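Q: Following this line is upload_8.pdb, made up of PDB, C-alpha atoms:
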ATOM      1  CA  ASP A   1     108.549 119.932  79.710
ATOM      2  CA  THR A   2     110.792 119.471  82.714
ATOM      3  CA  ALA A   3     109.173 117.090  85.186
ATOM      4  CA  VAL A   4     111.136 118.141  88.280
ATOM      5  CA  SER A   5     112.880 121.467  88.047
ATOM      6  CA  GLN A   6     115.067 123.051  90.659
ATOM      7  CA  THR A   7     116.738 126.410  90.728
ATOM      8  CA  PRO A   8     119.389 127.603  90.816
ATOM      9  CA  LYS A   9     121.665 125.022  89.201
ATOM     10  CA  TYR A  10     124.742 126.550  90.804
ATOM     11  CA  LEU A  11     124.954 128.539  94.008
ATOM     12  CA  VAL A  12     128.147 130.046  95.397
ATOM     13  CA  THR A  13     127.827 131.908  98.663
ATOM     14  CA  GLN A  14     129.771 132.961 101.721
ATOM     15  CA  MET A  15     129.662 131.352 105.128
ATOM     16  CA  GLY A  16     126.937 132.696 107.340
ATOM     17  CA  ASN A  17     124.588 133.614 104.522
ATOM     18  CA  ASP A  18     121.012 132.372 104.169
ATOM     19  CA  LYS A  19     119.944 130.826 100.869
ATOM     20  CA  SER A  20     117.001 129.011  99.319
ATOM     21  CA  ILE A  21     116.719 126.369  96.622
ATOM     22  CA  LYS A  22     113.434 126.012  94.827
ATOM     23  CA  CYS A  23     111.863 122.835  93.467
ATOM     24  CA  GLU A  24     108.744 122.311  91.416
ATOM     25  CA  GLN A  25     107.225 119.161  89.917
ATOM     26  CA  ASN A  26     104.529 118.999  87.262
ATOM     27  CA  LEU A  27     103.882 115.266  87.531
ATOM     28  CA  GLY A  28     101.044 115.406  90.018
ATOM     29  CA  HIS A  29     103.070 113.323  92.462
ATOM     30  CA  ASP A  30     102.020 113.170  96.096
ATOM     31  CA  THR A  31     105.458 113.086  97.698
ATOM     32  CA  MET A  32     108.532 115.259  97.252
ATOM     33  CA  TYR A  33     112.023 114.790  98.682
ATOM     34  CA  TRP A  34     115.312 116.535  99.231
ATOM     35  CA  TYR A  35     118.536 114.539  99.030
ATOM     36  CA  LYS A  36     122.096 115.649  99.669
ATOM     37  CA  GLN A  37     124.924 114.132  97.623
ATOM     38  CA  ASP A  38     128.398 114.580  99.005
ATOM     39  CA  SER A  39     131.726 114.618  97.188
ATOM     40  CA  LYS A  40     131.916 110.815  97.339
ATOM     41  CA  LYS A  41     128.485 110.572  95.683
ATOM     42  CA  PHE A  42     126.736 109.288  98.798
ATOM     43  CA  LEU A  43     123.071 110.240  98.681
ATOM     44  CA  LYS A  44     121.357 110.982 101.966
ATOM     45  CA  ILE A  45     117.667 111.705 102.473
ATOM     46  CA  MET A  46     117.033 115.032 104.147
ATOM     47  CA  PHE A  47     113.291 115.594 104.000
ATOM     48  CA  SER A  48     110.144 114.388 102.351
ATOM     49  CA  TYR A  49     106.695 115.945 102.146
ATOM     50  CA  ASN A  50     103.434 114.157 101.514
ATOM     51  CA  ASN A  51     100.336 116.297 101.030
ATOM     52  CA  LYS A  52     102.082 119.229 102.687
ATOM     53  CA  GLU A  53     102.960 117.175 105.724
ATOM     54  CA  LEU A  54     106.550 116.513 106.753
ATOM     55  CA  ILE A  55     106.996 112.777 106.984
ATOM     56  CA  ILE A  56     110.711 112.255 107.318
ATOM     57  CA  ASN A  57     113.263 114.451 108.929
ATOM     58  CA  GLU A  58     116.619 112.756 109.177
ATOM     59  CA  THR A  59     119.368 114.028 111.462
ATOM     60  CA  VAL A  60     119.659 117.262 109.572
ATOM     61  CA  PRO A  61     120.681 120.465 111.344
ATOM     62  CA  ASN A  62     117.755 122.741 112.078
ATOM     63  CA  ARG A  63     119.463 125.355 109.920
ATOM     64  CA  PHE A  64     117.800 123.465 107.069
ATOM     65  CA  SER A  65     114.080 123.957 106.723
ATOM     66  CA  PRO A  66     111.791 122.638 103.986
ATOM     67  CA  LYS A  67     108.880 124.773 102.913
ATOM     68  CA  SER A  68     106.016 123.476 100.801
ATOM     69  CA  PRO A  69     103.508 126.125  99.686
ATOM     70  CA  ASP A  70     101.560 123.497  97.757
ATOM     71  CA  LYS A  71     101.763 119.900  96.564
ATOM     72  CA  ALA A  72     103.846 120.833  93.509
ATOM     73  CA  HIS A  73     106.566 122.737  95.352
ATOM     74  CA  LEU A  74     109.121 121.869  98.006
ATOM     75  CA  ASN A  75     111.708 124.541  98.656
ATOM     76  CA  LEU A  76     114.783 124.182 100.831
ATOM     77  CA  HIS A  77     115.893 127.074 102.993
ATOM     78  CA  ILE A  78     119.292 127.058 104.639
ATOM     79  CA  ASN A  79     120.314 129.492 107.363
ATOM     80  CA  SER A  80     123.832 130.389 108.472
ATOM     81  CA  LEU A  81     125.578 128.381 105.780
ATOM     82  CA  GLU A  82     128.705 126.465 106.761
ATOM     83  CA  LEU A  83     131.581 125.089 104.692
ATOM     84  CA  GLY A  84     130.327 121.547 105.310
ATOM     85  CA  ASP A  85     127.052 122.349 103.588
ATOM     86  CA  SER A  86     128.839 122.356 100.243
ATOM     87  CA  ALA A  87     127.309 119.516  98.225
ATOM     88  CA  VAL A  88     124.863 118.811  95.448
ATOM     89  CA  TYR A  89     121.243 118.957  96.563
ATOM     90  CA  PHE A  90     118.637 116.991  94.638
ATOM     91  CA  CYS A  91     114.910 117.386  94.685
ATOM     92  CA  ALA A  92     112.794 114.359  93.731
ATOM     93  CA  SER A  93     109.172 113.325  93.603
ATOM     94  CA  SER A  94     107.197 110.086  93.529
ATOM     95  CA  PRO A  95     103.550 109.021  93.323
ATOM     96  CA  ALA A  96     103.814 107.464  96.788
ATOM     97  CA  GLN A  97     106.465 106.972  99.435
ATOM     98  CA  GLY A  98     109.072 104.523  98.226
ATOM     99  CA  ARG A  99     106.697 102.288  96.298
ATOM    100  CA  TYR A 100     107.528 103.716  92.896
ATOM    101  CA  GLY A 101     110.534 105.110  91.152
ATOM    102  CA  TYR A 102     111.556 108.627  91.965
ATOM    103  CA  THR A 103     111.898 111.402  89.410
ATOM    104  CA  PHE A 104     114.888 113.577  90.211
ATOM    105  CA  GLY A 105     115.694 117.151  89.377
ATOM    106  CA  SER A 106     119.035 118.006  87.833
ATOM    107  CA  GLY A 107     120.540 119.145  91.122
ATOM    108  CA  THR A 108     121.843 122.334  92.716
ATOM    109  CA  ARG A 109     125.564 122.494  93.324
ATOM    110  CA  LEU A 110     126.053 124.558  96.469
ATOM    111  CA  THR A 111     129.511 125.880  97.240
ATOM    112  CA  VAL A 112     130.088 127.695 100.494
ATOM    113  CA  VAL A 113     133.276 129.780 100.613
TER
ATOM    114  CA  SER B 114     123.237 104.777 107.323
ATOM    115  CA  GLN B 115     123.806 103.456 103.841
ATOM    116  CA  GLN B 116     121.455 100.562 103.244
ATOM    117  CA  GLY B 117     122.986  99.345 100.013
ATOM    118  CA  GLU B 118     126.534  98.683  99.065
ATOM    119  CA  GLU B 119     127.449  98.349  95.416
ATOM    120  CA  ASP B 120     130.238  96.220  94.134
ATOM    121  CA  PRO B 121     132.518  96.964  92.402
ATOM    122  CA  GLN B 122     133.033 100.640  93.165
ATOM    123  CA  ALA B 123     134.387 101.134  89.655
ATOM    124  CA  LEU B 124     134.172  99.051  86.487
ATOM    125  CA  SER B 125     135.817  99.661  83.135
ATOM    126  CA  ILE B 126     134.877  97.576  80.077
ATOM    127  CA  GLN B 127     135.047  97.694  76.292
ATOM    128  CA  GLU B 128     132.059  98.628  74.189
ATOM    129  CA  GLY B 129     129.998  95.564  73.360
ATOM    130  CA  GLU B 130     130.891  93.711  76.554
ATOM    131  CA  ASN B 131     128.432  93.019  79.344
ATOM    132  CA  ALA B 132     128.613  94.895  82.648
ATOM    133  CA  THR B 133     127.494  93.397  85.930
ATOM    134  CA  MET B 134     127.048  95.374  89.111
ATOM    135  CA  ASN B 135     126.053  93.963  92.470
ATOM    136  CA  CYS B 136     124.197  95.426  95.403
ATOM    137  CA  SER B 137     123.925  94.112  98.938
ATOM    138  CA  TYR B 138     121.548  95.454 101.563
ATOM    139  CA  LYS B 139     120.885  94.869 105.223
ATOM    140  CA  THR B 140     117.174  94.940 106.065
ATOM    141  CA  SER B 141     114.020  93.444 104.571
ATOM    142  CA  ILE B 142     112.576  95.383 101.668
ATOM    143  CA  ASN B 143     109.399  96.102  99.752
ATOM    144  CA  ASN B 144     111.315  96.672  96.544
ATOM    145  CA  LEU B 145     114.747  97.478  95.179
ATOM    146  CA  GLN B 146     115.414 100.026  92.468
ATOM    147  CA  TRP B 147     118.317 100.855  90.201
ATOM    148  CA  TYR B 148     119.196 104.350  89.060
ATOM    149  CA  ARG B 149     121.730 105.842  86.652
ATOM    150  CA  GLN B 150     123.487 109.157  87.137
ATOM    151  CA  ASN B 151     125.437 110.754  84.328
ATOM    152  CA  SER B 152     128.176 113.144  85.339
ATOM    153  CA  GLY B 153     126.749 116.439  86.577
ATOM    154  CA  ARG B 154     123.151 115.299  86.157
ATOM    155  CA  GLY B 155     120.292 114.022  88.286
ATOM    156  CA  LEU B 156     119.464 110.379  88.867
ATOM    157  CA  VAL B 157     117.323 108.536  86.367
ATOM    158  CA  HIS B 158     115.142 105.618  87.426
ATOM    159  CA  LEU B 159     115.971 102.459  85.469
ATOM    160  CA  ILE B 160     114.057  99.571  86.938
ATOM    161  CA  LEU B 161     112.163  98.464  90.051
ATOM    162  CA  ILE B 162     111.964  94.891  91.277
ATOM    163  CA  ARG B 163     109.550  93.891  94.019
ATOM    164  CA  SER B 164     110.497  91.613  96.882
ATOM    165  CA  ASN B 165     108.387  88.751  95.476
ATOM    166  CA  GLU B 166     110.125  88.946  92.074
ATOM    167  CA  ARG B 167     113.386  87.216  91.232
ATOM    168  CA  GLU B 168     114.227  88.631  87.823
ATOM    169  CA  LYS B 169     113.166  91.535  85.660
ATOM    170  CA  HIS B 170     114.136  92.757  82.201
ATOM    171  CA  SER B 171     113.991  96.141  80.532
ATOM    172  CA  GLY B 172     115.648  96.449  77.141
ATOM    173  CA  ARG B 173     119.348  95.684  77.642
ATOM    174  CA  LEU B 174     118.956  95.650  81.427
ATOM    175  CA  ARG B 175     118.450  92.552  83.513
ATOM    176  CA  VAL B 176     117.980  92.760  87.264
ATOM    177  CA  THR B 177     117.960  89.858  89.667
ATOM    178  CA  LEU B 178     116.968  89.841  93.321
ATOM    179  CA  ASP B 179     117.844  87.265  95.966
ATOM    180  CA  THR B 180     116.062  88.200  99.163
ATOM    181  CA  SER B 181     117.587  85.285 101.065
ATOM    182  CA  LYS B 182     121.046  86.719 100.417
ATOM    183  CA  LYS B 183     119.831  90.327 100.501
ATOM    184  CA  SER B 184     121.484  91.027  97.191
ATOM    185  CA  SER B 185     120.678  92.201  93.699
ATOM    186  CA  SER B 186     122.558  92.451  90.443
ATOM    187  CA  LEU B 187     122.215  94.687  87.428
ATOM    188  CA  LEU B 188     123.403  93.352  84.090
ATOM    189  CA  ILE B 189     123.802  95.668  81.125
ATOM    190  CA  THR B 190     124.251  93.684  77.922
ATOM    191  CA  ALA B 191     126.081  94.868  74.794
ATOM    192  CA  SER B 192     127.306  98.002  76.533
ATOM    193  CA  ARG B 193     127.718 101.310  74.724
ATOM    194  CA  ALA B 194     129.855 104.353  75.445
ATOM    195  CA  ALA B 195     126.626 106.165  76.381
ATOM    196  CA  ASP B 196     126.177 103.724  79.284
ATOM    197  CA  THR B 197     129.118 105.392  81.028
ATOM    198  CA  ALA B 198     127.639 106.665  84.288
ATOM    199  CA  SER B 199     127.293 105.918  87.996
ATOM    200  CA  TYR B 200     124.753 103.273  88.903
ATOM    201  CA  PHE B 201     123.011 103.179  92.258
ATOM    202  CA  CYS B 202     120.769 100.665  93.907
ATOM    203  CA  ALA B 203     118.119 101.931  96.289
ATOM    204  CA  THR B 204     115.968  99.997  98.718
ATOM    205  CA  ASP B 205     112.470 100.652  99.992
ATOM    206  CA  PRO B 206     112.663  99.116 103.487
ATOM    207  CA  LEU B 207     109.835  96.983 104.825
ATOM    208  CA  GLY B 208     107.788  98.288 107.710
ATOM    209  CA  GLY B 209     107.563 101.657 109.353
ATOM    210  CA  SER B 210     104.998 104.348 108.804
ATOM    211  CA  ALA B 211     107.272 106.491 106.696
ATOM    212  CA  ARG B 212     109.307 104.660 104.170
ATOM    213  CA  GLN B 213     112.174 106.165 102.283
ATOM    214  CA  LEU B 214     114.480 105.089  99.525
ATOM    215  CA  THR B 215     117.973 104.519 100.840
ATOM    216  CA  PHE B 216     120.719 104.625  98.261
ATOM    217  CA  GLY B 217     123.896 102.639  98.004
ATOM    218  CA  SER B 218     127.342 103.998  97.349
ATOM    219  CA  GLY B 219     127.220 103.523  93.585
ATOM    220  CA  THR B 220     129.301 101.854  90.893
ATOM    221  CA  GLN B 221     131.114 104.030  88.377
ATOM    222  CA  LEU B 222     130.885 102.311  85.001
ATOM    223  CA  THR B 223     133.169 103.388  82.184
ATOM    224  CA  VAL B 224     132.539 101.936  78.730
ATOM    225  CA  LEU B 225     135.503 102.431  76.422
ATOM    226  CA  PRO B 226     134.826 102.902  72.712
TER
END
Can you give me the file's structure in the form of structure tokens?

A:
Amino acid sequence: DTAVSQTPKYLVTQMGNDKSIKCEQNLGHDTMYWYKQDSKKFLKIMFSYNNKELIINETVPNRFSPKSPDKAHLNLHINSLELGDSAVYFCASSPAQGRYGYTFGSGTRLTVV
Amino acid sequence: SQQGEEDPQALSIQEGENATMNCSYKTSINNLQWYRQNSGRGLVHLILIRSNEREKHSGRLRVTLDTSKKSSSLLITASRAADTASYFCATDPLGGSARQLTFGSGTQLTVLP
């Protein structure tokens, strides 16, 4: 059983399009996160959700919007995609904010052309 | 901003040798965590050390923490080719109502057979 699953694994799309990445965790964790990993492997927190409440929103363009229909899901919607959005996006979950290890999904490689 | 900085950025050793990676951080922490990322995969949690701990072991891994120097080290003993991966430290910063794990820049470890 996959603990944190995200789909799709690869996403190639044109500039200006709108796309979504889905994430689901079956661990019963309270908090879910989205991280962006750039080409130099730097990982940057984008969002986290705790009990359906947005807790962290770093300096991310408002073209990015997290949507959490329930505690087990945190989807990422991106409007008007730009070339600079190309990266690997990771979903993760944890029992509580920062106090325990995170469980990561396998990532979604987004390429904007 | 990147909280942690790993050193070295890249490390190449022979199978059977020990590998040591260092991490420095800037602010006070609740805990520090180490993760491994194989090429094209998600991050895997390895070990967590709390701010009141100085050393922790898990199998072939040994982590030390020096809060006075704001640094940590990860030692992998008797390395194997399968240990080839990127290793990241991540810090859970002290204080604030919404904590987040902040990742370092990573060390690329290559273990040669």

Q: So what does the PyMOL selection byres ((chain A) within 8 of (chain B)) actually pick up in this one, as JSON, numbers by chain?

A: {"A": [41, 42, 43, 44, 45, 55, 56, 90, 97, 98, 99, 100, 101, 102, 103, 104, 105, 106, 107]}

Q: Any chance you can output those residues with C-alpha atoms as a short mmCIF file (atom, residue, chain, number, x, y, z; two decimals), in the frame of the given file?

A:
data_model
loop_
_atom_site.label_atom_id
_atom_site.label_comp_id
_atom_site.auth_asym_id
_atom_site.auth_seq_id
_atom_site.Cartn_x
_atom_site.Cartn_y
_atom_site.Cartn_z
CA LYS A 41 128.49 110.57 95.68
CA PHE A 42 126.74 109.29 98.80
CA LEU A 43 123.07 110.24 98.68
CA LYS A 44 121.36 110.98 101.97
CA ILE A 45 117.67 111.70 102.47
CA ILE A 55 107.00 112.78 106.98
CA ILE A 56 110.71 112.26 107.32
CA PHE A 90 118.64 116.99 94.64
CA GLN A 97 106.46 106.97 99.44
CA GLY A 98 109.07 104.52 98.23
CA ARG A 99 106.70 102.29 96.30
CA TYR A 100 107.53 103.72 92.90
CA GLY A 101 110.53 105.11 91.15
CA TYR A 102 111.56 108.63 91.96
CA THR A 103 111.90 111.40 89.41
CA PHE A 104 114.89 113.58 90.21
CA GLY A 105 115.69 117.15 89.38
CA SER A 106 119.04 118.01 87.83
CA GLY A 107 120.54 119.14 91.12
#

Q: Using the chain letters and numbering of this document, enumerate as a list of chain:residue names the residues selected by the PyMOL selection byres ((chain B and resi 179-183) around 6).

A: B:Ser137, B:Tyr138, B:Leu178, B:Ser184

Q: If you measure from CA of Thr197 in chain B to CA of Met46 in chain A, what distance in Å do you get, rounded to one decimal?

A: 27.8 Å

Q: If the PyMOL selection byres ((chain A and resi 49) around 9) is run on the structure shown, which residues does it catch, given as a PyMOL selection string?

A: chain A and resi 30-33+47-48+50-56+66+68+71+74

Q: Could you state the separation of CA of Arg63 in chain A and CA of Leu11 in chain A in Å, given to one decimal place?

A: 17.1 Å

Q: Give me, please, the distance in Å between CA of Met134 in chain B and CA of Gln37 in chain A, quoted to one decimal.

A: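 Rounded to one decimal, the two atoms are 20.7 Å apart.
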
Q: With distances taken over all atoms listed in the file, which residue among B:Cys202, B:Leu207, B:Leu225, B:Ile126 lies nearest Ile142 in chain B?

A: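 Under the stated criterion, the closest residue is B:Leu207.
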
Q: Counting all atoms listed in the file, which residue out of B:Leu188, B:Leu222, B:Ile162, B:Leu174 sits closest to Pro121 in chain B?

A: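 Residue with the minimum atom-to-atom distance to Pro121 in chain B: B:Leu222.
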
Q: Pick out the closest residue to Ala72 in chain A from this set: A:Asp38, A:Val112, A:Met15, A:Pro95. Count all atoms listed in the file.

A: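 Going through A:Asp38, A:Val112, A:Met15, A:Pro95 one by one, the smallest distance to Ala72 in chain A is for A:Pro95.
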
Q: Please provide the set of residues having any atom within 12 Å of Leu83 in chain A, restricted to all atoms listed in the file, with same-chain residues fewer than 4 positions apart removed, written as a list of chain:residue names.

A: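 So the residues in contact are A:Val12, A:Thr13, A:Gln14, A:Met15, A:Gly16, A:Asn17, A:Ala87, A:Leu110, A:Thr111, A:Val112, A:Val113.
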
Q: Give the answer as one residue: which of A:Lys9, A:Lys22, A:His29, A:His73 has the shortest atom-to-atom distance to Arg109 in chain A, using only C-alpha atoms?

A: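 Among the listed residues, A:Lys9 lies closest to Arg109 in chain A.
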
Q: Of the candidates A:Ile21, A:Leu27, A:Val88, A:Leu81, which shows the shortest atom-to-atom distance to Val4 in chain A, using all atoms listed in the file?

A: A:Leu27

Q: So which residues fall inside 10 Å of (133.9, 94.6, 77.1) if we count only C-alpha atoms? Mind giving them as a CSV table (one decimal) with C-alpha atoms, in the coordinates of the input?

A:
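Result went into part_29.csv, see below:
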chain,number,residue,atom,x,y,z
B,125,SER,CA,135.8,99.7,83.1
B,126,ILE,CA,134.9,97.6,80.1
B,127,GLN,CA,135.0,97.7,76.3
B,128,GLU,CA,132.1,98.6,74.2
B,129,GLY,CA,130.0,95.6,73.4
B,130,GLU,CA,130.9,93.7,76.6
B,131,ASN,CA,128.4,93.0,79.3
B,132,ALA,CA,128.6,94.9,82.6
B,190,THR,CA,124.3,93.7,77.9
B,191,ALA,CA,126.1,94.9,74.8
B,192,SER,CA,127.3,98.0,76.5
B,193,ARG,CA,127.7,101.3,74.7
B,224,VAL,CA,132.5,101.9,78.7
B,225,LEU,CA,135.5,102.4,76.4
B,226,PRO,CA,134.8,102.9,72.7

Q: For Ser65 in chain A, list every protein, DNA or RNA residue within 10 Å, evaluated using all atoms listed in the file, and leave out those in the same chain fewer than 5 positions away; present the list as a ChimeraX atom specification.

A: /A:20,46-47,57,60,75-79

Q: Looking at only C-alpha atoms, which of B:Gly208, B:Thr133, B:Leu124, B:Ala198 is the one that sits closest to Asn151 in chain B?

A: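 Answer, going by the shortest atom-to-atom distance: B:Ala198.
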
Q: Would you mind putting N, CA and C atoms back on range 127-156 of chain B and writing the result as an mmCIF file, keeping the file's coordinate frame?

A:
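Final output, selection_10.cif:
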data_model
loop_
_atom_site.group_PDB
_atom_site.id
_atom_site.type_symbol
_atom_site.label_atom_id
_atom_site.label_comp_id
_atom_site.auth_asym_id
_atom_site.auth_seq_id
_atom_site.Cartn_x
_atom_site.Cartn_y
_atom_site.Cartn_z
ATOM 1 N N GLN B 127 135.057 97.282 77.688
ATOM 2 C CA GLN B 127 135.047 97.694 76.292
ATOM 3 C C GLN B 127 133.603 97.701 75.766
ATOM 4 N N GLU B 128 133.371 98.576 74.833
ATOM 5 C CA GLU B 128 132.059 98.628 74.189
ATOM 6 C C GLU B 128 131.705 97.258 73.634
ATOM 7 N N GLY B 129 130.454 96.862 73.835
ATOM 8 C CA GLY B 129 129.998 95.564 73.360
ATOM 9 C C GLY B 129 130.023 94.494 74.431
ATOM 10 N N GLU B 130 130.833 94.679 75.457
ATOM 11 C CA GLU B 130 130.891 93.711 76.554
ATOM 12 C C GLU B 130 129.699 93.920 77.491
ATOM 13 N N ASN B 131 129.486 92.916 78.331
ATOM 14 C CA ASN B 131 128.432 93.019 79.344
ATOM 15 C C ASN B 131 129.022 93.584 80.631
ATOM 16 N N ALA B 132 128.199 94.326 81.365
ATOM 17 C CA ALA B 132 128.613 94.895 82.648
ATOM 18 C C ALA B 132 127.688 94.372 83.735
ATOM 19 N N THR B 133 128.281 93.889 84.801
ATOM 20 C CA THR B 133 127.494 93.397 85.930
ATOM 21 C C THR B 133 127.874 94.150 87.186
ATOM 22 N N MET B 134 126.847 94.678 87.848
ATOM 23 C CA MET B 134 127.048 95.374 89.111
ATOM 24 C C MET B 134 126.205 94.697 90.178
ATOM 25 N N ASN B 135 126.740 94.641 91.378
ATOM 26 C CA ASN B 135 126.053 93.963 92.470
ATOM 27 C C ASN B 135 125.712 94.941 93.587
ATOM 28 N N CYS B 136 124.655 94.590 94.301
ATOM 29 C CA CYS B 136 124.197 95.426 95.403
ATOM 30 C C CYS B 136 123.834 94.529 96.569
ATOM 31 N N SER B 137 124.333 94.846 97.738
ATOM 32 C CA SER B 137 123.925 94.112 98.938
ATOM 33 C C SER B 137 123.263 95.082 99.894
ATOM 34 N N TYR B 138 122.275 94.598 100.631
ATOM 35 C CA TYR B 138 121.548 95.454 101.563
ATOM 36 C C TYR B 138 121.346 94.712 102.871
ATOM 37 N N LYS B 139 120.848 95.435 103.868
ATOM 38 C CA LYS B 139 120.885 94.869 105.223
ATOM 39 C C LYS B 139 119.522 94.462 105.779
ATOM 40 N N THR B 140 118.472 95.225 105.452
ATOM 41 C CA THR B 140 117.174 94.940 106.065
ATOM 42 C C THR B 140 116.186 94.428 105.028
ATOM 43 N N SER B 141 115.063 93.932 105.486
ATOM 44 C CA SER B 141 114.020 93.444 104.571
ATOM 45 C C SER B 141 113.440 94.609 103.788
ATOM 46 N N ILE B 142 112.999 94.309 102.570
ATOM 47 C CA ILE B 142 112.576 95.383 101.668
ATOM 48 C C ILE B 142 111.224 95.116 101.043
ATOM 49 N N ASN B 143 110.582 96.199 100.599
ATOM 50 C CA ASN B 143 109.399 96.102 99.752
ATOM 51 C C ASN B 143 109.825 95.950 98.296
ATOM 52 N N ASN B 144 110.801 96.751 97.904
ATOM 53 C CA ASN B 144 111.315 96.672 96.544
ATOM 54 C C ASN B 144 112.740 97.210 96.500
ATOM 55 N N LEU B 145 113.393 96.970 95.395
ATOM 56 C CA LEU B 145 114.747 97.478 95.179
ATOM 57 C C LEU B 145 114.744 98.139 93.803
ATOM 58 N N GLN B 146 115.419 99.260 93.711
ATOM 59 C CA GLN B 146 115.414 100.026 92.468
ATOM 60 C C GLN B 146 116.850 100.319 92.039
ATOM 61 N N TRP B 147 117.032 100.464 90.754
ATOM 62 C CA TRP B 147 118.317 100.855 90.201
ATOM 63 C C TRP B 147 118.158 102.196 89.474
ATOM 64 N N TYR B 148 119.179 103.035 89.669
ATOM 65 C CA TYR B 148 119.196 104.350 89.060
ATOM 66 C C TYR B 148 120.532 104.561 88.356
ATOM 67 N N ARG B 149 120.513 105.428 87.356
ATOM 68 C CA ARG B 149 121.730 105.842 86.652
ATOM 69 C C ARG B 149 121.923 107.338 86.851
ATOM 70 N N GLN B 150 123.170 107.737 87.028
ATOM 71 C CA GLN B 150 123.487 109.157 87.137
ATOM 72 C C GLN B 150 124.652 109.478 86.215
ATOM 73 N N ASN B 151 124.361 110.266 85.192
ATOM 74 C CA ASN B 151 125.437 110.754 84.328
ATOM 75 C C ASN B 151 126.129 111.912 85.042
ATOM 76 N N SER B 152 127.367 112.137 84.680
ATOM 77 C CA SER B 152 128.176 113.144 85.339
ATOM 78 C C SER B 152 127.495 114.510 85.316
ATOM 79 N N GLY B 153 127.338 115.116 86.486
ATOM 80 C CA GLY B 153 126.749 116.439 86.577
ATOM 81 C C GLY B 153 125.242 116.490 86.382
ATOM 82 N N ARG B 154 124.599 115.333 86.393
ATOM 83 C CA ARG B 154 123.151 115.299 86.157
ATOM 84 C C ARG B 154 122.424 114.656 87.337
ATOM 85 N N GLY B 155 121.106 114.679 87.274
ATOM 86 C CA GLY B 155 120.292 114.022 88.286
ATOM 87 C C GLY B 155 120.203 112.527 88.038
ATOM 88 N N LEU B 156 119.613 111.820 88.997
ATOM 89 C CA LEU B 156 119.464 110.379 88.867
ATOM 90 C C LEU B 156 118.257 110.054 88.004
#
